[in-house]
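In what follows, a structure is listed as structure tokens, so that the remarks can point back to it.
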Protein chains: 2
Amino acid sequence: MKIGELAKATDTQVETIRYYERIGLLSAPGRSAANYRIYDPSHRSRLSFIRHSRQLGFTIDDIRSLLDLADHPERDCAEADNITTRHLRQVEAKISHLTRLRDELVRVSGRCRGGLSSDCQVIETLADHGHCTAKHE
Amino acid sequence: MKIGELAKATDTQVETIRYYERIGLLSAPGRSAANYRIYDPSHRSRLSFIRHSRQLGFTIDDIRSLLDLADHPERDCAEADNITTRHLRQVEAKISHLTRLRDELVRVSGRCRGGLSSDCQVIETLADHGHCTAKHE
DNA sequence: GCTTGACCCTGTAGCAGCTACAGGGTGCAT
DNA sequence: ATGCACCCTGTAGCTGCTACAGGGTCAAGC
């Protein structure tokens with residue numbers, strides 16, 4: 001299949017596929033006489049794997065390791081679990097950070113009573129960190 | 001004060017301060033005879049405002065608008081509230097996205113029973129989107 | 001008076017993960 | 001023959017910094 005078909009089949013942008021090839025995540029396929037990339041089903045499943053992993057938020061580097069494991073069936077599966085668990089911890093950390101952020105934003109935006117920006121409590125709060133309940137970084 | 005002192009006072013990196021000046025977020029201060037940047041208290045409070053807003057996750061563009069409002073006390077405060085509310089919605093969307101991600105990751109990593117990567121359910125799941133409970137983008 | 005070290009300067013390149021051109025070639029239908 | 005959709009390469013841009021390289025300045029200590 002040509003790159004556009006692969007793109008449609010995997011819900012990926014054409015440019016993204018070429019990008020994955022450039023960084024060595026997806027192996028270079030054969031070429032047609034007109035120098036068009038021609039992909040086979042193995043490319044398709046590999047790209048699906050990559051896209052799925054990206055949707056789950058894995059980094060490109062993580063995906064490299066995961067693909068490597070998938071290519072070596074004799075290796076220990078624990079490695080895959082390590083990557084997943086580490087990633088899960090990071091996602092959880094992000095959630096808790098954003099939750100604190102959200103609480104602070106609710107507090108800040110609740111202060112707006114309309115009127116002139118000279119009296120704006122939102123702007124006031126941003127100017128003076130002392131108005132905050134919690135520390136946030 | 002010199003840039004290093006301002007950096008310490010506002011818990012900002014020196015390079016970040018120069019970056020803010022370069023992108024026009026922080027106005028260029030005067031210079032000493034040796035061409036050193038010399039800041040006054042107004043720069044300090046402006047930078048505090050910026051840093052505080054960044055900690056709350058506002059984009060540089062949002063901060064530009066917020067600073068603009070702070071500079072024009074006769075303008076309507078509603079604009080500041082709009083920016084804050086919009087940002088709050090985005091944070092909430094991010095939280096719910098990450099929460100769905102987390103649930104899926106818990107499900108995926110729970111499948112690992114150790115053993116060879118050829119039997120790895122983690123890798124299996126990544127390869128086949130059909131294993132997922134929910135759709136995730 | 002000379003060196004050492006901490007600070008300051010400019011300018012540029014890098015990070016992640018794409019995305020968006022510009023400027024060109026190919027293939028098929030009308 | 002011409003139009004259009006697709007393909008190619010190469011490079012620059014996005015966000016918000018961060019990290020150099022390669023140089024100047026200044027005060028303290030010997």
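Here, A, B, ... name the chains of the structure tokens in the order displayed, residue numbers run from 1 inside each chain, and ligands are numbered from 1 in the same displayed order.
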
key: Non-local contacts of A:Arg102 (12 Å; only C-alpha atoms (C1' of nucleotides); under 5 positions in same chain excluded) as a PyMOL selection string   = (chain A and resi 95-97+107-110+134+136) or (chain B and resi 55-58+84-96)

Would you mind exporting C-alpha atoms of the selected residues as a PDB file, in the first residue's frame?
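In the end it all went to result_13.pdb:
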ATOM      1  CA  ILE A  95      -3.211  14.107  37.223  1.00  0.00           C
ATOM      2  CA  SER A  96      -2.548  15.145  40.781  1.00  0.00           C
ATOM      3  CA  HIS A  97      -0.621  18.206  39.652  1.00  0.00           C
ATOM      4  CA  ARG A 107     -10.720  29.614  43.558  1.00  0.00           C
ATOM      5  CA  VAL A 108      -9.189  32.363  41.436  1.00  0.00           C
ATOM      6  CA  SER A 109     -11.968  32.609  38.896  1.00  0.00           C
ATOM      7  CA  GLY A 110     -14.594  32.510  41.635  1.00  0.00           C
ATOM      8  CA  ALA A 134      -1.741  26.209  48.473  1.00  0.00           C
ATOM      9  CA  HIS A 136       1.805  25.262  43.501  1.00  0.00           C
TER      10      HIS A 136
ATOM     11  CA  GLN B  55       2.689  28.093  37.614  1.00  0.00           C
ATOM     12  CA  LEU B  56      -1.069  28.122  37.146  1.00  0.00           C
ATOM     13  CA  GLY B  57      -0.500  26.841  33.631  1.00  0.00           C
ATOM     14  CA  PHE B  58      -1.503  29.911  31.621  1.00  0.00           C
ATOM     15  CA  THR B  84      -9.263  32.044  33.391  1.00  0.00           C
ATOM     16  CA  THR B  85     -12.443  30.108  32.734  1.00  0.00           C
ATOM     17  CA  ARG B  86     -11.264  28.957  29.332  1.00  0.00           C
ATOM     18  CA  HIS B  87      -8.014  27.810  30.845  1.00  0.00           C
ATOM     19  CA  LEU B  88      -9.885  26.035  33.615  1.00  0.00           C
ATOM     20  CA  ARG B  89     -11.935  24.135  31.031  1.00  0.00           C
ATOM     21  CA  GLN B  90      -8.743  23.050  29.291  1.00  0.00           C
ATOM     22  CA  VAL B  91      -7.238  21.843  32.545  1.00  0.00           C
ATOM     23  CA  GLU B  92     -10.390  19.898  33.292  1.00  0.00           C
ATOM     24  CA  ALA B  93     -10.336  18.354  29.840  1.00  0.00           C
ATOM     25  CA  LYS B  94      -6.726  17.344  30.352  1.00  0.00           C
ATOM     26  CA  ILE B  95      -7.538  15.777  33.698  1.00  0.00           C
ATOM     27  CA  SER B  96     -10.339  13.713  32.274  1.00  0.00           C
TER      28      SER B  96
END

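Within stretch 21-132 of chain A, the backbone-based DSSP assignment of strand (DSSP E) covers Gly30, Arg31, Arg37 and Ile38 of chain A.
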
Could you take the residues named above and write them with C-alpha atoms, as a PDB file, in the first residue's frame?
ATOM      1  CA  GLY A  30      10.460  -0.586  -0.370  1.00  0.00           C
ATOM      2  CA  ARG A  31       9.951   1.874  -3.188  1.00  0.00           C
ATOM      3  CA  ARG A  37       6.983   4.181  -0.479  1.00  0.00           C
ATOM      4  CA  ILE A  38       5.229   0.814  -0.651  1.00  0.00           C
TER       5      ILE A  38
END

Can you list, as a CSV table (one decimal) with N, CA, C and O atoms, in the first residue's frame, every protein, DNA or RNA residue that comes within 10 Å of B:Ser48 when you count only C-alpha atoms (C1' of nucleotides), leaving out same-chain residues fewer than 2 positions away?
chain,number,residue,atom,x,y,z
A,126,LEU,N,-3.2,37.0,40.7
A,126,LEU,CA,-2.0,36.6,40.0
A,126,LEU,C,-0.8,37.5,40.4
A,126,LEU,O,0.3,37.0,40.4
A,127,ALA,N,-1.1,38.7,40.7
A,127,ALA,CA,0.0,39.6,41.1
A,127,ALA,C,0.6,39.3,42.4
A,127,ALA,O,1.8,39.4,42.6
A,128,ASP,N,-0.2,38.8,43.3
A,128,ASP,CA,0.3,38.5,44.6
A,128,ASP,C,0.1,37.1,45.0
A,128,ASP,O,-1.0,36.6,45.3
A,129,HIS,N,1.2,36.4,45.0
A,129,HIS,CA,1.2,35.0,45.3
A,129,HIS,C,0.6,34.7,46.7
A,129,HIS,O,0.1,33.6,47.0
B,6,LEU,N,17.4,39.4,40.5
B,6,LEU,CA,16.0,39.3,40.1
B,6,LEU,C,15.6,37.8,40.0
B,6,LEU,O,14.6,37.4,40.4
B,9,ALA,N,15.2,36.4,43.4
B,9,ALA,CA,14.1,37.0,44.1
B,9,ALA,C,12.8,36.4,43.6
B,9,ALA,O,11.7,36.4,44.3
B,10,THR,N,12.7,36.0,42.3
B,10,THR,CA,11.5,35.5,41.8
B,10,THR,C,11.5,34.0,41.5
B,10,THR,O,10.6,33.5,40.8
B,11,ASP,N,12.6,33.4,41.9
B,11,ASP,CA,12.8,31.9,41.7
B,11,ASP,C,12.6,31.6,40.2
B,11,ASP,O,11.8,30.7,39.8
B,12,THR,N,13.4,32.3,39.4
B,12,THR,CA,13.3,32.1,37.9
B,12,THR,C,14.8,31.9,37.5
B,12,THR,O,15.7,32.4,38.1
B,42,SER,N,9.4,47.5,39.6
B,42,SER,CA,8.3,47.3,38.7
B,42,SER,C,8.5,46.0,37.9
B,42,SER,O,7.6,45.3,37.6
B,43,HIS,N,9.8,45.9,37.5
B,43,HIS,CA,10.1,44.6,36.7
B,43,HIS,C,9.9,43.4,37.6
B,43,HIS,O,9.4,42.4,37.1
B,44,ARG,N,10.3,43.6,38.8
B,44,ARG,CA,10.2,42.5,39.7
B,44,ARG,C,8.7,42.0,39.9
B,44,ARG,O,8.4,40.8,39.9
B,45,SER,N,7.8,43.0,40.1
B,45,SER,CA,6.4,42.6,40.3
B,45,SER,C,5.8,42.0,39.0
B,45,SER,O,5.0,41.1,39.0
B,46,ARG,N,6.2,42.6,37.9
B,46,ARG,CA,5.7,42.0,36.6
B,46,ARG,C,6.2,40.6,36.4
B,46,ARG,O,5.4,39.7,36.0
B,50,ILE,N,4.1,37.1,36.0
B,50,ILE,CA,4.3,36.1,34.9
B,50,ILE,C,4.5,34.7,35.5
B,50,ILE,O,3.9,33.8,35.1
B,51,ARG,N,5.4,34.7,36.4
B,51,ARG,CA,5.8,33.3,37.0
B,51,ARG,C,4.6,32.7,37.7
B,51,ARG,O,4.4,31.5,37.6
B,52,HIS,N,3.9,33.5,38.4
B,52,HIS,CA,2.7,33.0,39.1
B,52,HIS,C,1.7,32.4,38.1
B,52,HIS,O,1.1,31.3,38.2
B,53,SER,N,1.5,33.2,37.0
B,53,SER,CA,0.5,32.8,36.0
B,53,SER,C,1.0,31.5,35.3
B,53,SER,O,0.2,30.6,35.0
B,54,ARG,N,2.3,31.4,35.1
B,54,ARG,CA,2.9,30.2,34.4
B,54,ARG,C,2.7,29.0,35.4
B,54,ARG,O,2.4,27.9,34.9

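Closest approach to D:DG16 among B:Ile123, B:Leu47, B:Ala33, B:Ile60 is made by B:Ile60 (distances from only C-alpha atoms (C1' of nucleotides)).
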
message = as an MDAnalysis selection string, could you give me every residue of chain B near chain C (at most 8 Å apart, counting only C-alpha atoms (C1' of nucleotides))?
response = chainID B and resid 4 35:36

message = Which residues are close to A:Ile23, i.e. within 12 Å by only C-alpha atoms (C1' of nucleotides), leaving aside same-chain residues fewer than 3 positions away? Reply as a list of chain:residue names.
response =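 Those residues are A:Thr16, A:Ile17, A:Arg18, A:Tyr19, A:Tyr20, A:Leu26, A:Ser27, A:Ala28, A:Ile60, A:Asp61, A:Arg64, C:DG17, C:DC18.
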
Would you save the residues from that selection as a JSON list (two decimals), in the first residue's frame, using N, CA and C atoms (P, O5', C5', C4', C3', O3' and C1' of nucleotides)?
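That gives us part-v1.json:
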[["chain", "number", "residue", "atom", "x", "y", "z"],
["A", 16, "THR", "N", 3.50, 12.32, 9.59],
["A", 16, "THR", "CA", 3.90, 11.63, 10.82],
["A", 16, "THR", "C", 4.57, 10.30, 10.49],
["A", 17, "ILE", "N", 4.04, 9.60, 9.49],
["A", 17, "ILE", "CA", 4.64, 8.34, 9.07],
["A", 17, "ILE", "C", 6.06, 8.56, 8.58],
["A", 18, "ARG", "N", 6.22, 9.58, 7.74],
["A", 18, "ARG", "CA", 7.58, 9.89, 7.24],
["A", 18, "ARG", "C", 8.49, 10.29, 8.39],
["A", 19, "TYR", "N", 7.92, 11.01, 9.36],
["A", 19, "TYR", "CA", 8.69, 11.40, 10.54],
["A", 19, "TYR", "C", 9.17, 10.16, 11.30],
["A", 20, "TYR", "N", 8.29, 9.19, 11.51],
["A", 20, "TYR", "CA", 8.67, 7.97, 12.22],
["A", 20, "TYR", "C", 9.77, 7.23, 11.47],
["A", 26, "LEU", "N", 9.97, 3.52, 12.52],
["A", 26, "LEU", "CA", 9.33, 2.66, 11.53],
["A", 26, "LEU", "C", 10.36, 2.40, 10.44],
["A", 27, "SER", "N", 10.56, 1.13, 10.10],
["A", 27, "SER", "CA", 11.61, 0.84, 9.13],
["A", 27, "SER", "C", 11.21, 1.34, 7.74],
["A", 28, "ALA", "N", 12.21, 1.70, 6.95],
["A", 28, "ALA", "CA", 11.96, 2.21, 5.61],
["A", 28, "ALA", "C", 11.40, 1.10, 4.74],
["A", 60, "ILE", "N", 8.30, 8.25, 22.64],
["A", 60, "ILE", "CA", 8.93, 7.57, 21.51],
["A", 60, "ILE", "C", 10.01, 6.59, 22.01],
["A", 61, "ASP", "N", 10.75, 7.02, 23.02],
["A", 61, "ASP", "CA", 11.79, 6.15, 23.55],
["A", 61, "ASP", "C", 11.21, 4.89, 24.19],
["A", 64, "ARG", "N", 10.22, 2.61, 21.44],
["A", 64, "ARG", "CA", 11.39, 1.91, 20.90],
["A", 64, "ARG", "C", 11.67, 0.65, 21.72],
["C", 17, "DG", "P", 8.12, 12.21, 22.75],
["C", 17, "DG", "O5'", 7.23, 12.69, 21.51],
["C", 17, "DG", "C5'", 6.07, 13.47, 21.77],
["C", 17, "DG", "C4'", 5.57, 14.04, 20.48],
["C", 17, "DG", "C3'", 5.61, 13.07, 19.28],
["C", 17, "DG", "O3'", 4.36, 13.15, 18.63],
["C", 17, "DG", "C1'", 6.52, 15.10, 18.70],
["C", 18, "DC", "P", 3.88, 11.94, 17.68],
["C", 18, "DC", "O5'", 4.61, 12.26, 16.31],
["C", 18, "DC", "C5'", 3.94, 13.00, 15.30],
["C", 18, "DC", "C4'", 3.74, 14.45, 15.68],
["C", 18, "DC", "C3'", 2.99, 15.27, 14.66],
["C", 18, "DC", "O3'", 1.76, 15.72, 15.23],
["C", 18, "DC", "C1'", 4.95, 16.40, 15.38]]
